[in-house]
file model24.txt (compact mmCIF, C-alpha atoms)
# COMPACT_ATOMS: atom_id res chain seq x y z
CA MET A 1 -62.04 -82.82 88.67
CA GLN A 2 -65.10 -84.86 87.75
CA HIS A 3 -64.99 -88.43 89.06
CA PHE A 4 -66.96 -91.42 87.86
CA ALA A 5 -67.69 -94.82 89.33
CA LEU A 6 -67.26 -97.55 86.76
CA THR A 7 -68.73 -100.99 87.32
CA ILE A 8 -67.96 -103.87 85.02
CA ILE A 9 -69.16 -107.40 85.42
CA GLY A 10 -69.10 -110.53 83.32
CA ARG A 11 -68.30 -114.22 83.17
CA ASP A 12 -64.82 -114.67 84.59
CA ARG A 13 -61.97 -115.38 82.18
CA PRO A 14 -58.35 -114.28 81.91
CA GLY A 15 -57.82 -110.85 80.34
CA ILE A 16 -60.77 -108.83 81.64
CA VAL A 17 -58.65 -106.45 83.71
CA SER A 18 -56.23 -105.78 80.88
CA GLN A 19 -59.06 -105.23 78.41
CA VAL A 20 -60.74 -102.71 80.70
CA THR A 21 -57.62 -100.89 81.81
CA GLU A 22 -56.27 -100.60 78.28
CA ILE A 23 -59.33 -98.57 77.35
CA LEU A 24 -58.98 -96.41 80.46
CA TYR A 25 -55.30 -95.89 79.83
CA GLN A 26 -55.84 -94.87 76.23
CA LEU A 27 -58.51 -92.38 77.20
CA GLY A 28 -56.19 -90.90 79.83
CA PHE A 29 -58.15 -91.93 82.90
CA ASN A 30 -56.72 -92.17 86.39
CA ILE A 31 -57.85 -95.10 88.51
CA ALA A 32 -58.09 -94.07 92.16
CA ASP A 33 -59.74 -96.63 94.41
CA SER A 34 -60.75 -99.94 92.91
CA SER A 35 -61.85 -103.33 94.03
CA CYS A 36 -62.17 -106.34 91.75
CA SER A 37 -63.10 -109.85 92.66
CA ILE A 38 -64.74 -113.08 91.55
CA LEU A 39 -68.30 -113.46 92.79
CA GLY A 40 -69.89 -116.72 91.75
CA GLY A 41 -68.58 -117.22 88.24
CA GLN A 42 -68.56 -113.51 87.55
CA PHE A 43 -65.64 -111.16 87.65
CA SER A 44 -66.73 -107.82 88.99
CA MET A 45 -64.82 -104.59 88.90
CA ILE A 46 -65.65 -101.38 90.68
CA LEU A 47 -63.39 -98.43 90.01
CA ILE A 48 -63.36 -94.75 90.86
CA ILE A 49 -61.90 -92.99 87.83
CA SER A 50 -61.21 -89.46 86.69
CA ASN A 51 -59.77 -87.66 83.72
CA PRO A 52 -58.88 -83.97 83.68
CA LYS A 53 -60.18 -83.67 80.11
CA ILE A 54 -63.51 -85.40 80.62
CA SER A 55 -66.42 -83.94 82.52
CA SER A 56 -69.41 -85.82 81.18
CA LYS A 57 -70.14 -89.48 80.84
CA GLU A 58 -71.31 -88.99 77.24
CA ASP A 59 -67.72 -88.06 76.36
CA PHE A 60 -66.44 -91.59 76.87
CA ALA A 61 -69.28 -94.06 77.33
CA ASP A 62 -68.94 -95.27 73.74
CA ALA A 63 -65.36 -96.34 74.33
CA PHE A 64 -66.62 -99.28 76.34
CA SER A 65 -68.71 -100.79 73.55
CA PRO A 66 -66.00 -103.40 72.79
CA LEU A 67 -66.48 -104.62 76.37
CA GLU A 68 -70.21 -104.98 75.90
CA GLU A 69 -69.50 -106.88 72.70
CA SER A 70 -67.37 -109.33 74.68
CA ASN A 71 -70.23 -109.96 77.12
CA LEU A 72 -69.22 -107.62 79.89
CA SER A 73 -71.80 -105.29 81.38
CA VAL A 74 -70.65 -101.74 81.90
CA PHE A 75 -72.23 -99.14 84.12
CA ILE A 76 -71.00 -95.60 84.67
CA ARG A 77 -72.11 -93.40 87.53
CA THR A 78 -71.29 -89.71 87.55
CA LEU A 79 -70.20 -88.70 91.06
CA LYS A 80 -71.27 -85.50 92.71
CA PRO A 81 -68.43 -83.17 93.74
CA GLY A 82 -66.56 -84.66 96.70
CA GLY A 83 -68.15 -88.06 96.10
CA GLU A 84 -64.73 -89.56 95.48
CA LYS A 85 -63.56 -88.75 99.00
CA ARG A 86 -63.96 -91.29 101.75
CA PRO A 87 -65.63 -89.70 104.77
CA GLU A 88 -63.63 -89.62 107.99
CA LEU A 89 -65.06 -92.36 110.12
CA GLU A 90 -64.33 -92.11 113.81
CA GLY A 91 -64.30 -95.17 116.00
CA ASP A 92 -62.97 -98.68 116.28
CA LEU A 93 -63.31 -101.35 113.65
CA CYS A 94 -64.90 -104.61 114.55
CA MET A 95 -65.44 -107.87 112.73
CA ILE A 96 -68.70 -109.75 112.96
CA SER A 97 -68.73 -113.34 111.75
CA VAL A 98 -72.12 -114.83 111.06
CA TYR A 99 -72.50 -118.39 109.86
CA GLY A 100 -74.98 -121.22 109.89
CA ALA A 101 -77.45 -123.21 107.87
CA ASP A 102 -78.57 -121.14 104.92
CA LYS A 103 -81.93 -119.45 105.29
CA PRO A 104 -83.56 -116.31 104.00
CA GLY A 105 -82.90 -113.05 105.77
CA ILE A 106 -79.52 -113.56 107.42
CA VAL A 107 -77.91 -110.54 105.79
CA TYR A 108 -80.95 -108.35 106.23
CA GLN A 109 -81.58 -109.17 109.88
CA VAL A 110 -78.00 -108.51 110.89
CA ALA A 111 -77.68 -105.39 108.76
CA LYS A 112 -80.96 -104.07 110.12
CA VAL A 113 -79.73 -104.27 113.71
CA LEU A 114 -76.60 -102.35 112.74
CA GLY A 115 -78.34 -99.85 110.48
CA GLU A 116 -80.97 -98.96 113.05
CA ARG A 117 -78.18 -98.04 115.44
CA GLN A 118 -76.30 -95.98 112.87
CA ILE A 119 -73.39 -98.41 112.75
CA ASN A 120 -71.51 -97.99 109.50
CA ILE A 121 -70.66 -101.21 107.63
CA THR A 122 -67.31 -100.65 105.92
CA ASP A 123 -66.95 -104.05 104.30
CA LEU A 124 -69.18 -107.05 103.83
CA ASN A 125 -68.55 -110.43 102.28
CA THR A 126 -70.92 -113.34 102.03
CA LYS A 127 -70.45 -116.77 100.64
CA LEU A 128 -72.41 -119.95 100.32
CA ILE A 129 -70.17 -122.86 101.29
CA GLY A 130 -70.55 -126.48 102.32
CA ALA A 131 -72.17 -129.43 100.60
CA ASP A 132 -74.99 -128.92 98.11
CA LYS A 133 -77.39 -130.70 100.41
CA ARG A 134 -76.40 -128.79 103.50
CA PRO A 135 -75.40 -125.33 102.40
CA VAL A 136 -73.76 -123.14 104.99
CA TYR A 137 -73.96 -119.39 104.78
CA VAL A 138 -70.95 -117.36 105.86
CA MET A 139 -70.97 -113.60 106.27
CA MET A 140 -68.14 -111.38 107.42
CA ILE A 141 -68.92 -107.81 108.32
CA GLU A 142 -66.41 -105.14 109.09
CA ALA A 143 -68.10 -102.26 110.86
CA MET A 144 -67.05 -99.05 112.52
CA LEU A 145 -68.20 -98.71 116.10
CA PRO A 146 -68.56 -95.08 117.11
CA GLU A 147 -67.28 -93.97 120.46
CA GLY A 148 -69.36 -95.28 123.32
CA ILE A 149 -70.34 -98.51 121.62
CA GLU A 150 -68.28 -101.41 122.86
CA ILE A 151 -67.81 -104.88 121.48
CA GLU A 152 -69.89 -106.22 124.39
CA THR A 153 -72.80 -104.04 123.34
CA VAL A 154 -72.72 -105.46 119.84
CA GLU A 155 -72.48 -108.96 121.31
CA GLU A 156 -75.68 -108.31 123.23
CA TRP A 157 -77.50 -107.24 120.07
CA MET A 158 -76.21 -110.29 118.28
CA ALA A 159 -77.18 -112.71 121.07
CA GLU A 160 -80.85 -112.16 120.28
CA LEU A 161 -80.31 -112.60 116.57
CA LYS A 162 -78.42 -115.80 117.19
CA LYS A 163 -81.47 -117.35 118.78
CA GLU A 164 -83.87 -115.92 116.25
CA LEU A 165 -81.90 -116.98 113.17
CA GLN A 166 -80.31 -120.11 114.65
CA VAL A 167 -76.88 -119.09 113.43
CA ASP A 168 -73.52 -118.63 115.08
CA ILE A 169 -72.32 -115.07 115.50
CA SER A 170 -69.10 -113.82 116.99
CA VAL A 171 -67.87 -110.26 117.38
CA ARG A 172 -64.34 -109.15 117.95
CA SER A 173 -62.42 -105.96 117.74
CA LEU A 174 -60.29 -105.58 114.68
CA VAL A 175 -57.28 -103.83 115.96
CA THR A 176 -55.10 -102.19 113.39
CA MET A 177 -51.62 -101.84 114.71
CA GLU A 178 -50.48 -98.37 113.83
CA LEU A 179 -46.74 -98.64 113.76
CA MET B 1 -33.66 -83.47 121.87
CA ALA B 2 -35.87 -83.13 118.86
CA VAL B 3 -39.04 -84.28 117.30
CA LYS B 4 -38.34 -85.13 113.68
CA GLU B 5 -40.64 -85.23 110.74
CA VAL B 6 -41.78 -88.77 109.91
CA LEU B 7 -40.93 -89.42 106.27
CA LEU B 8 -43.64 -90.66 103.98
CA TYR B 9 -43.26 -93.12 101.17
CA PRO B 10 -42.10 -92.56 98.35
CA ASP B 11 -39.14 -90.98 100.12
CA PRO B 12 -36.27 -93.19 98.88
CA ARG B 13 -34.69 -93.38 102.33
CA LEU B 14 -37.52 -95.69 103.39
CA LYS B 15 -36.33 -98.28 100.87
CA GLU B 16 -32.66 -98.30 101.87
CA VAL B 17 -30.85 -101.09 103.65
CA CYS B 18 -29.54 -99.29 106.71
CA ALA B 19 -25.92 -99.42 107.83
CA PRO B 20 -24.81 -101.11 111.05
CA ILE B 21 -23.60 -98.77 113.77
CA ASP B 22 -19.95 -99.50 114.58
CA ASN B 23 -19.04 -96.51 116.72
CA PHE B 24 -21.33 -95.95 119.63
CA ASP B 25 -20.70 -92.19 119.79
CA ASP B 26 -22.84 -89.22 120.83
CA SER B 27 -24.59 -89.13 117.49
CA VAL B 28 -26.10 -92.54 118.31
CA SER B 29 -27.46 -91.33 121.65
CA GLU B 30 -28.87 -88.30 119.87
CA LEU B 31 -30.50 -90.48 117.25
CA LEU B 32 -32.11 -92.69 119.90
CA GLN B 33 -33.43 -89.65 121.74
CA ASP B 34 -34.83 -88.20 118.50
CA LEU B 35 -36.56 -91.50 117.83
CA VAL B 36 -38.09 -91.55 121.30
CA ASP B 37 -39.20 -87.91 121.01
CA THR B 38 -40.69 -88.49 117.58
CA MET B 39 -42.50 -91.61 118.75
CA ILE B 40 -44.03 -89.78 121.71
CA ASP B 41 -44.95 -86.78 119.61
CA ALA B 42 -46.80 -88.99 117.12
CA GLY B 43 -49.58 -89.59 119.66
CA HIS B 44 -47.30 -92.07 121.34
CA SER B 45 -47.05 -94.47 118.46
CA VAL B 46 -45.53 -97.80 119.39
CA GLY B 47 -42.31 -97.51 117.47
CA VAL B 48 -40.14 -95.57 115.07
CA ALA B 49 -37.21 -96.74 112.98
CA ALA B 50 -34.27 -94.48 112.12
CA PRO B 51 -34.95 -94.38 108.35
CA GLN B 52 -38.43 -93.03 109.11
CA ILE B 53 -36.75 -89.86 110.35
CA GLY B 54 -34.21 -89.88 107.55
CA ASP B 55 -31.25 -91.52 109.30
CA ILE B 56 -30.22 -94.68 107.54
CA ARG B 57 -28.49 -96.38 110.42
CA ARG B 58 -29.68 -99.50 112.21
CA ALA B 59 -31.59 -98.16 115.19
CA VAL B 60 -35.21 -98.38 116.31
CA VAL B 61 -37.24 -97.61 119.38
CA VAL B 62 -40.33 -99.55 120.45
CA ASP B 63 -42.68 -98.97 123.34
CA VAL B 64 -46.04 -100.69 123.38
CA SER B 65 -46.74 -99.96 127.04
CA HIS B 66 -48.83 -96.87 126.24
CA SER B 67 -51.00 -98.39 123.54
CA LYS B 68 -54.48 -99.64 124.27
CA LEU B 69 -53.66 -103.18 123.25
CA GLY B 70 -50.01 -103.38 124.22
CA LYS B 71 -50.41 -102.38 127.84
CA LYS B 72 -52.63 -105.39 128.47
CA GLN B 73 -49.83 -107.72 127.42
CA LYS B 74 -46.41 -108.61 128.69
CA ASN B 75 -43.92 -106.04 127.45
CA HIS B 76 -40.58 -104.44 128.17
CA GLY B 77 -41.70 -100.82 128.12
CA LEU B 78 -39.34 -98.60 126.19
CA LEU B 79 -36.77 -100.48 124.14
CA GLN B 80 -34.00 -98.53 122.45
CA MET B 81 -32.26 -100.84 120.04
CA VAL B 82 -29.09 -100.45 118.04
CA ASN B 83 -28.12 -103.09 115.46
CA PRO B 84 -31.10 -105.21 116.45
CA GLU B 85 -31.31 -108.72 115.13
CA ILE B 86 -33.97 -111.36 115.52
CA ILE B 87 -32.16 -114.53 116.50
CA GLU B 88 -35.16 -116.77 117.06
CA LYS B 89 -38.73 -116.87 115.77
CA LYS B 90 -41.62 -119.03 116.81
CA GLY B 91 -45.23 -119.32 115.75
CA ASP B 92 -47.26 -117.43 113.25
CA GLN B 93 -49.93 -114.78 113.54
CA VAL B 94 -51.80 -112.58 111.14
CA VAL B 95 -52.25 -109.00 112.12
CA ARG B 96 -53.56 -105.94 110.38
CA GLU B 97 -50.86 -103.31 110.31
CA GLY B 98 -50.69 -99.70 109.39
CA CYS B 99 -47.61 -97.51 109.22
CA MET B 100 -47.02 -93.80 109.81
CA SER B 101 -44.95 -93.71 106.61
CA VAL B 102 -47.76 -95.18 104.51
CA PRO B 103 -50.89 -93.36 105.67
CA ASP B 104 -54.45 -94.40 104.85
CA TYR B 105 -53.71 -98.00 104.08
CA THR B 106 -53.68 -101.13 106.19
CA GLY B 107 -52.97 -104.73 105.32
CA ASN B 108 -52.89 -108.17 106.86
CA VAL B 109 -49.35 -109.25 107.57
CA ASN B 110 -47.91 -112.55 108.80
CA ARG B 111 -45.61 -112.18 111.78
CA ALA B 112 -43.92 -114.56 114.19
CA GLU B 113 -45.73 -114.91 117.51
CA GLN B 114 -42.62 -114.94 119.66
CA ILE B 115 -39.17 -113.66 118.93
CA VAL B 116 -35.84 -113.45 120.63
CA ILE B 117 -34.04 -110.25 119.82
CA GLN B 118 -30.43 -109.24 120.31
CA PHE B 119 -29.36 -105.61 120.28
CA LEU B 120 -27.22 -102.95 121.87
CA ASP B 121 -29.17 -100.80 124.28
CA GLN B 122 -28.84 -97.03 124.80
CA ASN B 123 -25.71 -97.63 126.90
CA GLY B 124 -24.08 -99.77 124.26
CA ASP B 125 -24.62 -102.95 126.27
CA LEU B 126 -25.58 -106.16 124.53
CA GLN B 127 -29.08 -107.32 125.40
CA VAL B 128 -31.05 -110.41 124.52
CA LYS B 129 -34.79 -110.27 125.10
CA ARG B 130 -37.76 -112.43 124.39
CA ALA B 131 -40.87 -110.66 123.10
CA GLU B 132 -44.35 -111.85 122.22
CA GLY B 133 -47.74 -110.62 121.10
CA PHE B 134 -48.10 -106.99 120.18
CA GLU B 135 -44.56 -106.13 121.21
CA ALA B 136 -43.14 -108.85 118.97
CA ILE B 137 -45.19 -107.52 116.06
CA ALA B 138 -44.03 -103.97 116.64
CA ILE B 139 -40.39 -105.05 116.78
CA GLN B 140 -40.68 -107.07 113.56
CA HIS B 141 -42.37 -104.14 111.83
CA GLU B 142 -39.68 -101.65 112.91
CA LEU B 143 -36.84 -104.01 112.03
CA ASP B 144 -38.25 -104.41 108.54
CA HIS B 145 -37.72 -100.67 108.10
CA LEU B 146 -33.97 -101.20 108.58
CA ASP B 147 -33.92 -103.43 105.51
CA GLY B 148 -36.07 -101.18 103.37
CA TYR B 149 -39.19 -103.29 103.77
CA LEU B 150 -42.57 -101.72 104.31
CA PHE B 151 -45.55 -103.69 105.54
CA LEU B 152 -46.79 -103.42 101.96
CA ASP B 153 -44.05 -105.92 101.06
CA ARG B 154 -45.42 -108.34 103.64
CA VAL B 155 -49.16 -108.26 103.01
CA SER B 156 -50.21 -111.87 103.15
CA SER B 157 -53.87 -111.76 102.31
CA LEU B 158 -56.65 -109.64 101.06
CA LYS B 159 -59.64 -109.27 103.27
CA THR B 160 -61.53 -111.89 101.28
CA ASP B 161 -58.73 -114.42 101.67
CA LEU B 162 -60.81 -116.55 103.98
CA PHE B 163 -63.27 -117.26 101.23
CA ARG B 164 -60.70 -117.79 98.54
CA ARG B 165 -58.91 -120.47 100.48
CA LYS B 166 -62.11 -122.39 100.95
CA GLN B 167 -62.66 -122.61 97.23
CA LYS B 168 -61.46 -125.82 95.67
call {"tool": "encode", "arguments": {"input": "model24.txt", "output": "structure tokens"}}
result
Amino acid sequence: MQHFALTIIGRDRPGIVSQVTEILYQLGFNIADSSCSILGGQFSMILIISNPKISSKEDFADAFSPLEESNLSVFIRTLKPGGEKRPELEGDLCMISVYGADKPGIVYQVAKVLGERQINITDLNTKLIGADKRPVYVMMIEAMLPEGIEIETVEEWMAELKKELQVDISVRSLVTMEL
Amino acid sequence: MAVKEVLLYPDPRLKEVCAPIDNFDDSVSELLQDLVDTMIDAGHSVGVAAPQIGDIRRAVVVDVSHSKLGKKQKNHGLLQMVNPEIIEKKGDQVVREGCMSVPDYTGNVNRAEQIVIQFLDQNGDLQVKRAEGFEAIAIQHELDHLDGYLFLDRVSSLKTDLFRRKQK
């Protein structure tokens, strides 16, 4: 079945989710994975959707025009076959907390270290907190460490960045208790 | 004895309140052995509750001594528990849990840090034990199964919770 990724974003207000899902429901779409959250003053929705009767984005794109009219931006991505399936990631999850005085490049520098070593980031959140005059940047990264890469190794990589960026970084294993 | 199939939600037996065991007969010993066998067969998971193998009686087994995290902490090894009851709880910890009956999903759950648990052991003798850390979490998770609770009913926060709370 053809899957699509649907992204919707707009000024937060009550009723966005119901407005979006009513359209999906009436068209007969299934919502598989989704994640919706407030970022800044914007509500953003990302959904993986499918419909056994719909194989092309042209078949349903028009249905979202009422959303555009109410100031929501809508983007549809057509997934390649299998693109709806999460790849099996082997390894142990870890959490990396990065925080400090706001400055350019925090996300990039940390992500670069991980990316260069083929470490997969599975979740990332950033937020600007603190007083207007002394903004503090907070970033939480959840990453999958492949076999052979230990928390201590990541700590070593981060130690250099800490000095370079003048931020605090801590790494810990994120143990999921399989019960 | 026998390795049993671990039931997956939405099997309705996972949402039942299990019945107390009044007669400690052979069927109870069999059930405990099945639970142990099933736990070991599942890559030595740290616990199995009776409803997970389709028996809705109040029995669970827990053994954290073989898990990567559990063996580093104080623990009681294999615990076979009939009619278990938590009689004291202390502290609070958030832990990310997953469950064999709800594959592919994990969630952050609030659990007590230390518990005192009362139960009948495999010989039918009354035991009272204090557990903490990983073992305490495992026991609380398995006991929830006896009341038809899944960790999904206990999820306390989304991953982004940290940020939400900071917002005024």
call {"tool": "residues_around", "arguments": {"input": "model24.txt", "residues": "Val74 in chain A", "least_positions_apart": "4", "cutoff": "8 Å", "atoms": "all atoms listed in the file", "output": "number ranges by chain"}}
result
A: 6-9, 64, 67-68
call {"tool": "residues_around", "arguments": {"input": "model24.txt", "residues": "range 51-63 of chain A", "least_positions_apart": "3", "cutoff": "12 Å", "atoms": "only C-alpha atoms", "output": "mmCIF file with C-alpha atoms, in the coordinates of the input"}}
result
data_model
loop_
_atom_site.group_PDB
_atom_site.id
_atom_site.type_symbol
_atom_site.label_atom_id
_atom_site.label_comp_id
_atom_site.auth_asym_id
_atom_site.auth_seq_id
_atom_site.Cartn_x
_atom_site.Cartn_y
_atom_site.Cartn_z
ATOM 1 C CA MET A 1 -62.040 -82.820 88.670
ATOM 2 C CA GLN A 2 -65.100 -84.860 87.750
ATOM 3 C CA HIS A 3 -64.990 -88.430 89.060
ATOM 4 C CA PHE A 4 -66.960 -91.420 87.860
ATOM 5 C CA ALA A 5 -67.690 -94.820 89.330
ATOM 6 C CA LEU A 6 -67.260 -97.550 86.760
ATOM 7 C CA GLN A 19 -59.060 -105.230 78.410
ATOM 8 C CA VAL A 20 -60.740 -102.710 80.700
ATOM 9 C CA THR A 21 -57.620 -100.890 81.810
ATOM 10 C CA GLU A 22 -56.270 -100.600 78.280
ATOM 11 C CA ILE A 23 -59.330 -98.570 77.350
ATOM 12 C CA LEU A 24 -58.980 -96.410 80.460
ATOM 13 C CA TYR A 25 -55.300 -95.890 79.830
ATOM 14 C CA GLN A 26 -55.840 -94.870 76.230
ATOM 15 C CA LEU A 27 -58.510 -92.380 77.200
ATOM 16 C CA GLY A 28 -56.190 -90.900 79.830
ATOM 17 C CA PHE A 29 -58.150 -91.930 82.900
ATOM 18 C CA ASN A 30 -56.720 -92.170 86.390
ATOM 19 C CA ILE A 31 -57.850 -95.100 88.510
ATOM 20 C CA ALA A 32 -58.090 -94.070 92.160
ATOM 21 C CA ILE A 48 -63.360 -94.750 90.860
ATOM 22 C CA PRO A 66 -66.000 -103.400 72.790
ATOM 23 C CA LEU A 67 -66.480 -104.620 76.370
ATOM 24 C CA GLU A 68 -70.210 -104.980 75.900
ATOM 25 C CA GLU A 69 -69.500 -106.880 72.700
ATOM 26 C CA VAL A 74 -70.650 -101.740 81.900
ATOM 27 C CA PHE A 75 -72.230 -99.140 84.120
ATOM 28 C CA ILE A 76 -71.000 -95.600 84.670
ATOM 29 C CA ARG A 77 -72.110 -93.400 87.530
ATOM 30 C CA THR A 78 -71.290 -89.710 87.550
ATOM 31 C CA LEU A 79 -70.200 -88.700 91.060
ATOM 32 C CA LYS A 80 -71.270 -85.500 92.710
ATOM 33 C CA PRO A 81 -68.430 -83.170 93.740
#
call {"tool": "closest_atom_pairs", "arguments": {"input": "model24.txt", "of": "chain B", "to": "chain A", "cutoff": "6 Å", "atoms": "only C-alpha atoms", "output": "CSV"}}
result
residue,atom,partner,partner_atom,distance
B:Val46,CA,A:Leu179,CA,5.8
B:Gly47,CA,A:Leu179,CA,5.9
B:Arg96,CA,A:Thr176,CA,5.0
B:Glu97,CA,A:Met177,CA,4.7
B:Gly98,CA,A:Glu178,CA,4.6
B:Cys99,CA,A:Leu179,CA,4.8
call {"tool": "residues_around", "arguments": {"input": "model24.txt", "residues": "Leu78 in chain B", "least_positions_apart": "5", "cutoff": "10 Å", "atoms": "only C-alpha atoms", "output": "list in words"}}
result
Val36, Val46, Gly47, Val61, Val62, Asp63, Val64, Ser65 and His66 of chain B
call {"tool": "atom_distance", "arguments": {"input": "model24.txt", "atom1": "CA of Arg11 in chain A", "atom2": "CA of Ser35 in chain A"}}
result
16.7 Å
call {"tool": "residues_around", "arguments": {"input": "model24.txt", "residues": "range 17-31 of chain B", "least_positions_apart": "2", "cutoff": "6 Å", "atoms": "only C-alpha atoms", "output": "list in words"}}
result
Gln33, Asp34, Ile56, Arg57, Arg58, Asn83, Leu146, Asp147 and Gly148 of chain B
